[in-house]
Amino acid sequence: MHQKSIKLLNIAVADELHAVHQYMYFHFHCDDQGYDLLTGLFKRTAIEEMIHIEVLADRILFLNGEVELATDAKVNKVHDVKKMLEIAKGMEESSAKDYNKFAMECGQNLDSATKQVFEGLVNDEERHWNQYDDELENLGRFGDNYLALQSIERSKRAGAGGGGAA
């Protein structure tokens with residue numbers, strides 16, 4: 001009865017694993033470029049995605065399924081901040097759409113608890129999507145000055161003995 005839910009939950013686990021890998025890659029490269037605000041955003045999002053994996057795994061195990069910790073998706077090796085944000089925004093938008101569909105399927109299969117899990121994930125993914133959209137708007141509005149200010153703030157802290165990255 002719950003095999004369909006387990007399958008959908010494992011698809012979501014793979015999606016979240018890919019997001020963790022992608023956002024940590026972006027986190028490392030933003031940190032290397034001195035963009036502390038974006039460094040922190042990518043790191044926090046990766047951590048939230050790890051929490052999503054735990055929630056999904058808990059539900060799979062409750063349904064007596066096997067948690068599949070595998071993803072075939074490759075990390076996009078992008079160093080351009082605008083492209084990073086576009087990729088992140090697209091990933092979050094795609095996840096929200098998929099999880100909405102998964103919630104509906106679980107509801108149709110009389111699995112309201114798994115439906116609620118996916119509905120909660122939709123809320124988080126839409127919030128992440130909005131954060132990346134806001135950052136793209138800031139970059140569009142302020143251009144490279146937006147990134148330069150982040151780098152300058154790090155330099156000022158380092159010069160004052162305050163350290164570096166988030």
# chains A, B, ... in the order shown; residues from 1 in each chain; ligands from 1
call {"tool": "residues_around", "arguments": {"residues": "range 78-82 of chain A", "least_positions_apart": "6", "cutoff": "9 Å", "atoms": "only C-alpha atoms", "output": "list in words"}}
result
Tyr25, Phe26, His29, Cys30, Leu38, Glu135, Leu136, Leu139, Gly140 and Leu147 of chain A
call {"tool": "write_last_selection", "arguments": {"atoms": "N, CA and C atoms", "output": "PDB file, in the first residue's frame"}}
result
ATOM      1  N   TYR A  25      28.913  23.227  -2.579  1.00  0.00           N
ATOM      2  CA  TYR A  25      29.862  23.659  -3.608  1.00  0.00           C
ATOM      3  C   TYR A  25      29.784  25.177  -3.775  1.00  0.00           C
ATOM      4  N   PHE A  26      28.560  25.713  -3.874  1.00  0.00           N
ATOM      5  CA  PHE A  26      28.392  27.160  -4.008  1.00  0.00           C
ATOM      6  C   PHE A  26      28.898  27.875  -2.757  1.00  0.00           C
ATOM      7  N   HIS A  29      32.696  28.177  -2.841  1.00  0.00           N
ATOM      8  CA  HIS A  29      33.201  29.135  -3.827  1.00  0.00           C
ATOM      9  C   HIS A  29      32.819  30.575  -3.493  1.00  0.00           C
ATOM     10  N   CYS A  30      31.666  30.786  -2.903  1.00  0.00           N
ATOM     11  CA  CYS A  30      31.332  32.150  -2.446  1.00  0.00           C
ATOM     12  C   CYS A  30      32.264  32.560  -1.309  1.00  0.00           C
ATOM     13  N   LEU A  38      26.269  35.603   0.852  1.00  0.00           N
ATOM     14  CA  LEU A  38      25.873  34.473   0.022  1.00  0.00           C
ATOM     15  C   LEU A  38      26.462  33.163   0.531  1.00  0.00           C
ATOM     16  N   GLU A 135      17.961  37.591  -3.854  1.00  0.00           N
ATOM     17  CA  GLU A 135      19.392  37.834  -4.086  1.00  0.00           C
ATOM     18  C   GLU A 135      19.654  38.167  -5.558  1.00  0.00           C
ATOM     19  N   LEU A 136      18.946  37.506  -6.459  1.00  0.00           N
ATOM     20  CA  LEU A 136      19.080  37.845  -7.884  1.00  0.00           C
ATOM     21  C   LEU A 136      18.605  39.266  -8.148  1.00  0.00           C
ATOM     22  N   LEU A 139      21.287  41.623  -6.912  1.00  0.00           N
ATOM     23  CA  LEU A 139      22.404  41.621  -7.858  1.00  0.00           C
ATOM     24  C   LEU A 139      22.043  42.418  -9.103  1.00  0.00           C
ATOM     25  N   GLY A 140      20.818  42.270  -9.571  1.00  0.00           N
ATOM     26  CA  GLY A 140      20.367  43.031 -10.736  1.00  0.00           C
ATOM     27  C   GLY A 140      20.278  44.523 -10.449  1.00  0.00           C
ATOM     28  N   LEU A 147      28.210  42.667  -4.645  1.00  0.00           N
ATOM     29  CA  LEU A 147      29.223  41.675  -4.289  1.00  0.00           C
ATOM     30  C   LEU A 147      30.450  42.339  -3.672  1.00  0.00           C
TER      31      LEU A 147
END
call {"tool": "residues_around", "arguments": {"residues": "range 101-115 of chain A", "least_positions_apart": "4", "cutoff": "7 Å", "atoms": "only C-alpha atoms", "output": "list in words"}}
result
Ser5, Leu8, Lys97 and Glu119 of chain A
call {"tool": "write_last_selection", "arguments": {"atoms": "C-alpha atoms", "output": "CSV table (one decimal), in the first residue's frame"}}
result
chain,number,residue,atom,x,y,z
A,5,SER,CA,4.9,6.8,-1.0
A,8,LEU,CA,8.3,9.2,-3.9
A,97,LYS,CA,6.5,21.7,-8.0
A,119,GLU,CA,3.4,19.9,2.0
call {"tool": "select_by_dssp", "arguments": {"residues": "range 11-148 of chain A", "states": "helix (DSSP H, G or I)", "output": "number ranges by chain"}}
result
A: 11-33, 36-62, 81-108, 112-142, 144-148
call {"tool": "write_last_selection", "arguments": {"atoms": "C-alpha atoms", "output": "CSV table (one decimal), in the first residue's frame"}}
result
chain,number,residue,atom,x,y,z
A,11,ILE,CA,13.0,10.4,-5.1
A,12,ALA,CA,12.9,13.4,-2.7
A,13,VAL,CA,15.8,12.1,-0.8
A,14,ALA,CA,17.9,12.0,-4.0
A,15,ASP,CA,16.8,15.6,-4.8
A,16,GLU,CA,17.7,16.8,-1.4
A,17,LEU,CA,21.1,15.1,-1.5
A,18,HIS,CA,21.9,16.7,-4.8
A,19,ALA,CA,20.8,20.1,-3.3
A,20,VAL,CA,23.2,19.6,-0.3
A,21,HIS,CA,26.1,18.8,-2.6
A,22,GLN,CA,25.3,21.7,-5.0
A,23,TYR,CA,24.8,24.3,-2.2
A,24,MET,CA,27.9,23.3,-0.3
A,25,TYR,CA,29.9,23.7,-3.6
A,26,PHE,CA,28.4,27.2,-4.0
A,27,HIS,CA,29.1,27.9,-0.3
A,28,PHE,CA,32.8,27.0,-0.7
A,29,HIS,CA,33.2,29.1,-3.8
A,30,CYS,CA,31.3,32.1,-2.4
A,31,ASP,CA,33.5,31.9,0.7
A,32,ASP,CA,36.6,31.7,-1.5
A,33,GLN,CA,35.5,34.9,-3.3
A,36,ASP,CA,30.0,36.3,3.2
A,37,LEU,CA,26.3,37.0,2.8
A,38,LEU,CA,25.9,34.5,0.0
A,39,THR,CA,28.3,32.1,1.7
A,40,GLY,CA,26.0,32.0,4.7
A,41,LEU,CA,22.8,31.7,2.6
A,42,PHE,CA,24.1,28.6,0.7
A,43,LYS,CA,25.4,27.0,3.9
A,44,ARG,CA,22.2,27.5,5.8
A,45,THR,CA,20.1,26.2,2.9
A,46,ALA,CA,22.4,23.1,2.6
A,47,ILE,CA,21.8,22.4,6.3
A,48,GLU,CA,18.1,22.8,5.9
A,49,GLU,CA,18.2,20.4,3.0
A,50,MET,CA,20.0,17.9,5.3
A,51,ILE,CA,17.2,18.3,7.8
A,52,HIS,CA,14.7,17.5,5.0
A,53,ILE,CA,16.6,14.3,4.3
A,54,GLU,CA,16.2,13.3,8.0
A,55,VAL,CA,12.5,14.0,7.8
A,56,LEU,CA,12.1,12.0,4.6
A,57,ALA,CA,14.2,9.1,6.0
A,58,ASP,CA,12.1,9.0,9.2
A,59,ARG,CA,8.9,8.7,7.1
A,60,ILE,CA,10.5,6.0,4.9
A,61,LEU,CA,11.5,4.0,7.9
A,62,PHE,CA,8.1,4.4,9.5
A,81,VAL,CA,27.5,34.2,-8.5
A,82,LYS,CA,24.6,35.2,-10.8
A,83,LYS,CA,24.6,31.7,-12.4
A,84,MET,CA,24.8,30.1,-8.9
A,85,LEU,CA,21.7,32.0,-7.8
A,86,GLU,CA,19.8,31.2,-11.0
A,87,ILE,CA,20.6,27.5,-10.6
A,88,ALA,CA,19.6,27.5,-6.9
A,89,LYS,CA,16.4,29.3,-7.7
A,90,GLY,CA,15.6,26.8,-10.5
A,91,MET,CA,16.3,23.9,-8.2
A,92,GLU,CA,14.0,25.2,-5.5
A,93,GLU,CA,11.2,26.0,-7.9
A,94,SER,CA,11.5,22.5,-9.4
A,95,SER,CA,11.5,20.8,-6.0
A,96,ALA,CA,8.4,22.8,-4.9
A,97,LYS,CA,6.5,21.7,-8.0
A,98,ASP,CA,7.6,18.1,-7.6
A,99,TYR,CA,6.7,17.9,-3.9
A,100,ASN,CA,3.3,19.5,-4.6
A,101,LYS,CA,2.7,16.7,-7.1
A,102,PHE,CA,4.0,14.1,-4.6
A,103,ALA,CA,1.7,15.4,-1.9
A,104,MET,CA,-1.3,15.1,-4.2
A,105,GLU,CA,-0.4,11.6,-5.2
A,106,CYS,CA,0.0,10.6,-1.5
A,107,GLY,CA,-3.3,12.1,-0.7
A,108,GLN,CA,-4.9,10.1,-3.6
A,112,SER,CA,-2.2,11.8,4.5
A,113,ALA,CA,0.9,11.7,6.8
A,114,THR,CA,3.3,11.5,3.9
A,115,LYS,CA,1.2,14.1,2.1
A,116,GLN,CA,1.7,16.4,5.0
A,117,VAL,CA,5.5,15.8,4.9
A,118,PHE,CA,5.6,16.9,1.3
A,119,GLU,CA,3.4,19.9,2.0
A,120,GLY,CA,5.9,21.0,4.7
A,121,LEU,CA,8.7,20.6,2.3
A,122,VAL,CA,6.9,22.7,-0.3
A,123,ASN,CA,6.7,25.6,2.2
A,124,ASP,CA,10.5,25.4,2.8
A,125,GLU,CA,11.4,25.1,-0.9
A,126,GLU,CA,9.2,28.1,-1.7
A,127,ARG,CA,11.0,30.1,1.0
A,128,HIS,CA,14.4,29.1,-0.4
A,129,TRP,CA,13.2,30.0,-3.9
A,130,ASN,CA,12.1,33.4,-2.7
A,131,GLN,CA,15.5,34.0,-0.9
A,132,TYR,CA,17.4,33.2,-4.1
A,133,ASP,CA,15.0,35.3,-6.2
A,134,ASP,CA,15.6,38.2,-3.7
A,135,GLU,CA,19.4,37.8,-4.1
A,136,LEU,CA,19.1,37.8,-7.9
A,137,GLU,CA,17.0,41.0,-7.6
A,138,ASN,CA,19.7,42.6,-5.4
A,139,LEU,CA,22.4,41.6,-7.9
A,140,GLY,CA,20.4,43.0,-10.7
A,141,ARG,CA,19.6,46.3,-8.9
A,142,PHE,CA,23.1,46.9,-7.5
A,144,ASP,CA,28.9,44.1,-8.9
A,145,ASN,CA,28.7,46.7,-6.2
A,146,TYR,CA,26.5,44.3,-4.2
A,147,LEU,CA,29.2,41.7,-4.3
A,148,ALA,CA,32.0,44.2,-3.7
call {"tool": "atom_distance", "arguments": {"atom1": "CA of Glu66 in chain A", "atom2": "CA of Lys4 in chain A"}}
result
12.7 Å
